[in-house]
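**Student:** Supplied structure: input-v4.csv, CSV, C-alpha atoms and all ligand atoms.
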chain,number,residue,atom,x,y,z
A,1206,MET,CA,70.4,9.6,-207.4
A,1207,THR,CA,72.3,6.8,-205.7
A,1208,LYS,CA,70.6,3.6,-204.8
A,1209,PRO,CA,68.9,3.1,-201.4
A,1210,ARG,CA,71.5,1.4,-199.1
A,1211,LEU,CA,70.1,-1.2,-196.8
A,1212,THR,CA,72.6,-2.2,-194.2
A,1213,TYR,CA,72.3,-5.4,-192.1
A,1214,PHE,CA,74.3,-8.4,-191.0
A,1215,ASP,CA,75.0,-11.3,-193.4
A,1216,PHE,CA,72.1,-13.4,-192.2
A,1217,SER,CA,68.3,-13.3,-192.3
A,1218,GLY,CA,67.1,-11.7,-189.0
A,1219,ARG,CA,65.6,-8.3,-189.0
A,1220,GLY,CA,66.9,-7.2,-192.3
A,1221,GLU,CA,65.7,-9.9,-194.6
A,1222,ASP,CA,62.1,-8.7,-195.0
A,1223,ALA,CA,63.3,-5.3,-196.2
A,1224,ARG,CA,65.6,-7.0,-198.7
A,1225,LEU,CA,62.7,-9.1,-199.9
A,1226,ALA,CA,60.4,-6.0,-200.1
A,1227,TYR,CA,62.9,-4.1,-202.3
A,1228,PHE,CA,63.5,-7.2,-204.5
A,1229,ILE,CA,59.8,-7.8,-204.9
A,1230,ALA,CA,59.2,-4.2,-205.8
A,1231,GLY,CA,62.0,-4.4,-208.4
A,1232,VAL,CA,64.1,-1.7,-206.8
A,1233,ASP,CA,67.8,-1.6,-207.4
A,1234,PHE,CA,69.1,-1.3,-203.9
A,1235,GLU,CA,72.5,-1.8,-202.3
A,1236,ASP,CA,72.4,-4.9,-200.1
A,1237,ASN,CA,75.1,-3.8,-197.7
A,1238,ARG,CA,76.1,-6.8,-195.4
A,1239,ILE,CA,78.2,-6.1,-192.4
A,1240,LYS,CA,80.6,-8.9,-191.5
A,1241,GLY,CA,82.9,-9.5,-188.5
A,1242,ALA,CA,84.7,-6.6,-186.8
A,1243,ALA,CA,83.3,-4.0,-189.1
A,1244,TRP,CA,80.2,-3.8,-186.9
A,1245,ARG,CA,82.1,-2.5,-183.9
A,1246,GLU,CA,83.2,0.5,-185.9
A,1247,LEU,CA,79.9,1.1,-187.5
A,1248,LYS,CA,77.7,0.7,-184.4
A,1249,PRO,CA,78.3,4.2,-182.8
A,1250,SER,CA,77.3,5.9,-186.0
A,1251,THR,CA,73.9,4.2,-186.3
A,1252,PRO,CA,70.8,6.0,-185.0
A,1253,PHE,CA,70.0,3.6,-182.2
A,1254,GLY,CA,73.1,1.3,-182.1
A,1255,GLY,CA,71.5,-1.5,-184.0
A,1256,LEU,CA,70.8,-2.8,-187.6
A,1257,PRO,CA,69.0,-2.7,-190.0
A,1258,THR,CA,69.4,0.9,-191.3
A,1259,LEU,CA,68.3,2.4,-194.5
A,1260,GLU,CA,70.1,5.3,-196.1
A,1261,ILE,CA,68.2,7.3,-198.7
A,1262,GLU,CA,70.1,10.0,-200.6
A,1263,GLY,CA,68.9,13.5,-199.6
A,1264,LYS,CA,67.0,12.2,-196.6
A,1265,GLY,CA,69.4,10.5,-194.2
A,1266,VAL,CA,69.7,7.2,-192.3
A,1267,LEU,CA,66.6,5.5,-190.9
A,1268,ALA,CA,66.7,2.8,-188.2
A,1269,GLN,CA,64.2,0.4,-186.7
A,1270,SER,CA,63.1,-2.5,-188.8
A,1271,ASN,CA,59.4,-1.8,-188.7
A,1272,ALA,CA,59.9,1.9,-189.7
A,1273,ILE,CA,62.2,0.8,-192.5
A,1274,LEU,CA,59.8,-1.9,-193.7
A,1275,THR,CA,56.7,0.4,-193.5
A,1276,TYR,CA,58.6,3.1,-195.4
A,1277,ILE,CA,59.5,0.7,-198.2
A,1278,GLY,CA,56.0,-0.6,-198.3
A,1279,ARG,CA,54.5,2.9,-198.6
A,1280,GLU,CA,56.9,3.9,-201.3
A,1281,HIS,CA,56.3,0.8,-203.4
A,1282,GLY,CA,52.6,-0.1,-202.9
A,1283,LEU,CA,53.2,-2.9,-200.5
A,1284,HIS,CA,51.5,-1.3,-197.5
A,1285,PRO,CA,47.8,-0.4,-197.2
A,1286,GLN,CA,46.8,3.1,-198.2
A,1287,ASP,CA,43.8,3.0,-195.8
A,1288,ASN,CA,45.0,4.3,-192.4
A,1289,TRP,CA,43.1,1.8,-190.3
A,1290,GLU,CA,44.3,-1.2,-192.4
A,1291,ALA,CA,47.9,0.2,-192.3
A,1292,ALA,CA,47.7,0.4,-188.5
A,1293,ARG,CA,46.4,-3.2,-188.3
A,1294,HIS,CA,49.4,-4.3,-190.3
A,1295,GLU,CA,51.7,-2.2,-188.1
A,1296,ALA,CA,50.2,-3.8,-185.0
A,1297,LEU,CA,51.2,-7.3,-186.4
A,1298,MET,CA,54.7,-6.0,-187.2
A,1299,ALA,CA,55.0,-4.8,-183.6
A,1300,ALA,CA,53.8,-8.2,-182.3
A,1301,VAL,CA,56.6,-9.8,-184.4
A,1302,GLU,CA,59.1,-7.6,-182.7
A,1303,GLU,CA,57.7,-8.5,-179.2
A,1304,LEU,CA,58.3,-12.2,-180.0
A,1305,ARG,CA,61.7,-11.5,-181.4
A,1306,GLY,CA,62.5,-9.7,-178.1
A,1307,ALA,CA,61.3,-12.6,-176.0
A,1308,ILE,CA,63.6,-14.9,-177.9
A,1309,SER,CA,66.6,-12.5,-177.9
A,1310,ARG,CA,66.5,-12.5,-174.1
A,1311,THR,CA,67.3,-16.2,-174.1
A,1312,LEU,CA,70.5,-15.8,-176.2
A,1313,GLY,CA,72.9,-15.2,-173.3
A,1314,LEU,CA,71.6,-17.9,-171.0
A,1315,SER,CA,73.5,-21.0,-169.9
A,1316,PRO,CA,72.7,-24.1,-172.0
A,1317,ASP,CA,70.5,-25.6,-169.3
A,1318,GLU,CA,68.7,-22.4,-168.6
A,1319,LYS,CA,68.3,-21.7,-172.3
A,1320,ARG,CA,66.6,-25.1,-172.8
A,1321,ARG,CA,64.2,-24.6,-169.9
A,1322,VAL,CA,63.2,-21.0,-170.9
A,1323,ARG,CA,62.8,-21.8,-174.6
A,1324,GLU,CA,60.8,-24.9,-174.0
A,1325,GLU,CA,58.5,-22.8,-171.7
A,1326,LEU,CA,58.3,-20.1,-174.4
A,1327,ALA,CA,57.4,-22.6,-177.1
A,1328,ALA,CA,54.7,-24.3,-175.0
A,1329,GLY,CA,53.4,-21.1,-173.4
A,1330,GLU,CA,54.0,-17.5,-174.7
A,1331,MET,CA,54.5,-18.6,-178.3
A,1332,GLN,CA,51.2,-20.5,-178.3
A,1333,THR,CA,49.4,-17.4,-176.9
A,1334,TRP,CA,51.2,-15.3,-179.5
A,1335,GLY,CA,50.2,-17.6,-182.3
A,1336,ALA,CA,46.5,-17.7,-181.2
A,1337,ASN,CA,46.5,-13.9,-180.9
A,1338,VAL,CA,47.9,-13.4,-184.4
A,1339,GLU,CA,45.6,-16.1,-185.9
A,1340,ARG,CA,42.6,-14.1,-184.7
A,1341,GLN,CA,43.9,-11.1,-186.6
A,1342,LEU,CA,44.0,-13.0,-189.9
A,1343,GLY,CA,41.3,-13.5,-192.5
A,1344,ASP,CA,40.9,-16.1,-195.3
A,1345,GLY,CA,44.2,-15.2,-196.8
A,1346,PRO,CA,46.3,-16.1,-198.6
A,1347,PHE,CA,48.0,-12.9,-197.3
A,1348,VAL,CA,47.1,-10.6,-194.4
A,1349,ALA,CA,45.3,-8.2,-196.8
A,1350,GLY,CA,43.8,-11.0,-198.8
A,1351,GLU,CA,45.0,-11.5,-202.4
A,1352,ALA,CA,47.7,-8.8,-202.3
A,1353,LEU,CA,51.1,-9.3,-200.6
A,1354,SER,CA,52.1,-6.6,-198.2
A,1355,VAL,CA,55.3,-6.0,-196.2
A,1356,VAL,CA,53.7,-7.4,-193.1
A,1357,ASP,CA,53.5,-10.8,-194.8
A,1358,LEU,CA,57.3,-10.6,-195.4
A,1359,LYS,CA,57.9,-9.8,-191.7
A,1360,LEU,CA,55.7,-12.7,-190.6
A,1361,PHE,CA,57.4,-15.0,-193.2
A,1362,VAL,CA,61.0,-14.2,-192.1
A,1363,LEU,CA,60.1,-14.8,-188.4
A,1364,LEU,CA,58.3,-18.1,-189.1
A,1365,ASN,CA,61.1,-19.2,-191.4
A,1366,TRP,CA,63.4,-19.0,-188.4
A,1367,PHE,CA,61.3,-21.6,-186.6
A,1368,VAL,CA,60.5,-23.7,-189.6
A,1369,SER,CA,64.2,-24.0,-190.4
A,1370,GLY,CA,64.7,-25.7,-187.1
A,1371,THR,CA,67.7,-23.7,-186.3
A,1372,LEU,CA,66.5,-22.2,-183.0
A,1373,ASP,CA,67.4,-24.8,-180.4
A,1374,HIS,CA,64.6,-26.1,-178.2
A,1375,VAL,CA,61.9,-24.6,-180.3
A,1376,PRO,CA,60.1,-27.2,-182.5
A,1377,ALA,CA,60.1,-26.4,-186.2
A,1378,ASP,CA,56.3,-26.9,-186.1
A,1379,VAL,CA,55.7,-24.8,-183.1
A,1380,PHE,CA,52.9,-23.0,-184.9
A,1381,ARG,CA,51.2,-26.1,-186.4
A,1382,GLY,CA,48.0,-25.2,-184.5
A,1383,PHE,CA,47.5,-22.0,-186.5
A,1384,PRO,CA,46.5,-22.7,-190.1
A,1385,ARG,CA,45.9,-19.1,-191.1
A,1386,LEU,CA,49.3,-18.0,-189.8
A,1387,MET,CA,51.1,-20.9,-191.5
A,1388,GLY,CA,49.0,-20.2,-194.6
A,1389,VAL,CA,50.6,-16.7,-194.8
A,1390,PHE,CA,54.0,-18.4,-194.4
A,1391,GLU,CA,53.3,-20.8,-197.3
A,1392,ALA,CA,51.9,-18.1,-199.6
A,1393,VAL,CA,55.0,-16.0,-199.1
A,1394,ARG,CA,57.3,-19.0,-199.5
A,1395,ARG,CA,55.7,-19.8,-202.8
A,1396,HIS,CA,55.5,-16.3,-204.2
A,1397,PRO,CA,57.5,-16.2,-207.5
A,1398,ARG,CA,59.7,-13.2,-206.5
A,1399,VAL,CA,60.5,-14.9,-203.1
A,1400,VAL,CA,61.4,-18.1,-204.9
A,1401,ALA,CA,63.6,-16.0,-207.3
A,1402,TRP,CA,65.3,-14.3,-204.4
A,1403,TYR,CA,66.4,-17.5,-202.8
A,1404,ALA,CA,67.3,-19.1,-206.1
A,1405,ARG,CA,69.9,-16.3,-206.8
B,1,LIG,N1,64.3,-2.5,-182.5
B,1,LIG,C1,65.4,-2.7,-183.4
B,1,LIG,C2,66.3,-3.8,-182.9
B,1,LIG,C3,67.6,-3.7,-183.7
B,1,LIG,C4,68.6,-4.8,-183.2
B,1,LIG,O1,68.6,-5.1,-182.0
B,1,LIG,N2,69.3,-5.3,-184.2
B,1,LIG,C5,70.3,-6.4,-183.8
B,1,LIG,C6,70.3,-7.4,-184.9
B,1,LIG,S1,68.8,-8.2,-185.2
B,1,LIG,C7,71.6,-5.7,-183.7
B,1,LIG,O2,71.9,-4.7,-184.3
B,1,LIG,N3,72.5,-6.3,-182.9
B,1,LIG,C8,73.9,-5.9,-182.7
B,1,LIG,C9,74.0,-5.0,-181.5
B,1,LIG,O3,73.1,-4.6,-180.8
B,1,LIG,O4,75.2,-4.6,-181.3
B,1,LIG,C10,64.8,-3.0,-184.8
B,1,LIG,O5,63.7,-3.5,-184.9
B,1,LIG,O6,65.5,-2.7,-185.8
Is it possible to express this structure as structure tokens?
Ligand SMILES: N[C@@H](CCC(=O)N[C@@H](CS)C(=O)NCC(=O)O)C(=O)O
**Tutor:**
Amino acid sequence: MTKPRLTYFDFSGRGEDARLAYFIAGVDFEDNRIKGAAWRELKPSTPFGGLPTLEIEGKGVLAQSNAILTYIGREHGLHPQDNWEAARHEALMAAVEELRGAISRTLGLSPDEKRRVREELAAGEMQTWGANVERQLGDGPFVAGEALSVVDLKLFVLLNWFVSGTLDHVPADVFRGFPRLMGVFEAVRRHPRVVAWYAR
């Protein structure tokens, strides 16, 4: 049986949570990172024209970050077995994708327009998003309580984008008003396997 092949670009984005999930689960996977012009050749052969994809021997190629992450979570005990709880986690994962989509739409804007739209996003839609997610969270430290799940990794990777301060015009502490949400971020950041992943 060949290793699962996880294909994404050589940055964090939508592929990092699946990499973390496999690493945390102790699965020997192929971390296939696409660089430069190689993407143009690969793109037409992917299921929906985007990355990440996950190839499993004997099954095929799966696309869509949430489907990939949920699959890994189910296979390796990092997603709830209870259907209602699983659906609650999947709703949060969909919410992350909605916010990513809102930010992606600013990528092609002119510098002035980008500043205006992102400042509006940070003060408006992102605050509403944070408040909505905050209401879904319990006492933590993770979404499911004591046990880490793949949804925590999805939230962590998104929040790390903002906290790193690399997204122009979005303050690094944009979610400072949401202690439960930032608590999930901190709990994942301090998780020994996450620390080990970034120390490699
Ligand atoms: N809904 C998809 C979005 C996939 C997507 O847009 N991926 C981006 C990278 S984050 C991509 O492949 N961009 C290159 C392109 O569209 O050509 C998912 O969640 O996986």
**Student:** Using only C-alpha atoms, list the residues that have an atom at most 10 Å from (56.8, -15.8, -203.1), coordinates as in the file, as a ChimeraX atom specification.
**Tutor:** /A:1225,1229,1353,1358,1361,1390-1403
**Student:** Find the residues near ligand LIG 1 (chain B). Use a cut-off of 10 Å, count all atoms listed in the file, and write them as JSON, numbers by chain.
**Tutor:** {"A": [1213, 1214, 1216, 1217, 1218, 1219, 1220, 1244, 1245, 1247, 1248, 1249, 1251, 1253, 1254, 1255, 1256, 1257, 1258, 1267, 1268, 1269, 1270, 1271, 1272, 1273, 1274, 1298, 1299, 1301, 1302, 1303, 1305, 1306, 1309]}
**Student:** Go ahead and find all residues with at least one atom no further than 10 Å from (49.1, -12.6, -182.5) in the file's coordinates, using only C-alpha atoms; report them as a PDB file with C-alpha atoms, in the frame of the given file.
**Tutor:**
ATOM      1  CA  ALA A1296      50.200  -3.800-185.000  1.00  0.00           C
ATOM      2  CA  LEU A1297      51.200  -7.300-186.400  1.00  0.00           C
ATOM      3  CA  MET A1298      54.700  -6.000-187.200  1.00  0.00           C
ATOM      4  CA  ALA A1299      55.000  -4.800-183.600  1.00  0.00           C
ATOM      5  CA  ALA A1300      53.800  -8.200-182.300  1.00  0.00           C
ATOM      6  CA  VAL A1301      56.600  -9.800-184.400  1.00  0.00           C
ATOM      7  CA  LEU A1304      58.300 -12.200-180.000  1.00  0.00           C
ATOM      8  CA  MET A1331      54.500 -18.600-178.300  1.00  0.00           C
ATOM      9  CA  GLN A1332      51.200 -20.500-178.300  1.00  0.00           C
ATOM     10  CA  THR A1333      49.400 -17.400-176.900  1.00  0.00           C
ATOM     11  CA  TRP A1334      51.200 -15.300-179.500  1.00  0.00           C
ATOM     12  CA  GLY A1335      50.200 -17.600-182.300  1.00  0.00           C
ATOM     13  CA  ALA A1336      46.500 -17.700-181.200  1.00  0.00           C
ATOM     14  CA  ASN A1337      46.500 -13.900-180.900  1.00  0.00           C
ATOM     15  CA  VAL A1338      47.900 -13.400-184.400  1.00  0.00           C
ATOM     16  CA  GLU A1339      45.600 -16.100-185.900  1.00  0.00           C
ATOM     17  CA  ARG A1340      42.600 -14.100-184.700  1.00  0.00           C
ATOM     18  CA  GLN A1341      43.900 -11.100-186.600  1.00  0.00           C
ATOM     19  CA  LEU A1342      44.000 -13.000-189.900  1.00  0.00           C
ATOM     20  CA  LEU A1386      49.300 -18.000-189.800  1.00  0.00           C
TER      21      LEU A1386
END
**Student:** Can you pull out the residues contacting region 1375-1384 of chain A? Cut-off 7 Å, using only C-alpha atoms, and skip same-chain residues under 4 positions away; I want them as a list in words.
**Tutor:**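 The neighbour list is Arg1323, Glu1324, Ala1327, Gly1335, Ala1336, Glu1339, Phe1367, Val1368, Ser1369, Gly1370 and Gly1388 of chain A.
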**Student:** So what do you get for CA of Glu1260 (chain A) versus CA of Leu1364 (chain A), distance-wise?
**Tutor:**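 Calculated distance between CA of Glu1260 (chain A) and CA of Leu1364 (chain A) is 27.1 Å.
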**Student:** Ranking A:Asp1215, A:Glu1325, A:Asp1233, A:Glu1280 by minimum distance to Ser1354 (chain A) and counting all atoms listed in the file, which one comes first?
**Tutor:**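 Ranking A:Asp1215, A:Glu1325, A:Asp1233, A:Glu1280 by distance to Ser1354 (chain A), first place goes to A:Glu1280.
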**Student:** Nearest residue to Lys1240 (chain A) out of A:Thr1212, A:Gly1263, A:His1294, A:Glu1221, using only C-alpha atoms?
**Tutor:**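 For Lys1240 (chain A), the nearest of the candidates is A:Thr1212.
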**Student:** For CA of Ser1315 (chain A) and CA of Trp1366 (chain A), quote the distance in Å rounded to one decimal.
**Tutor:**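 The value is 21.2 Å.
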**Student:** How many Å separate CA of Gly1278 (chain A) from CA of Asn1237 (chain A)?
**Tutor:** 19.4 Å
**Student:** Which residue, A:Asp1373, A:Asp1222, A:Asp1287, A:Glu1262, has the smallest gap to Val1356 (chain A) when you use only C-alpha atoms?
**Tutor:**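 Checking each candidate against Val1356 (chain A), we get A:Asp1222 as the closest.
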**Student:** Between A:Pro1209, A:Pro1252, A:Gly1350, A:Gly1329, single out the one closest to Tyr1276 (chain A), counting only C-alpha atoms.
**Tutor:**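 Looking only at the distances to Tyr1276 (chain A), the closest residue turns out to be A:Pro1209.
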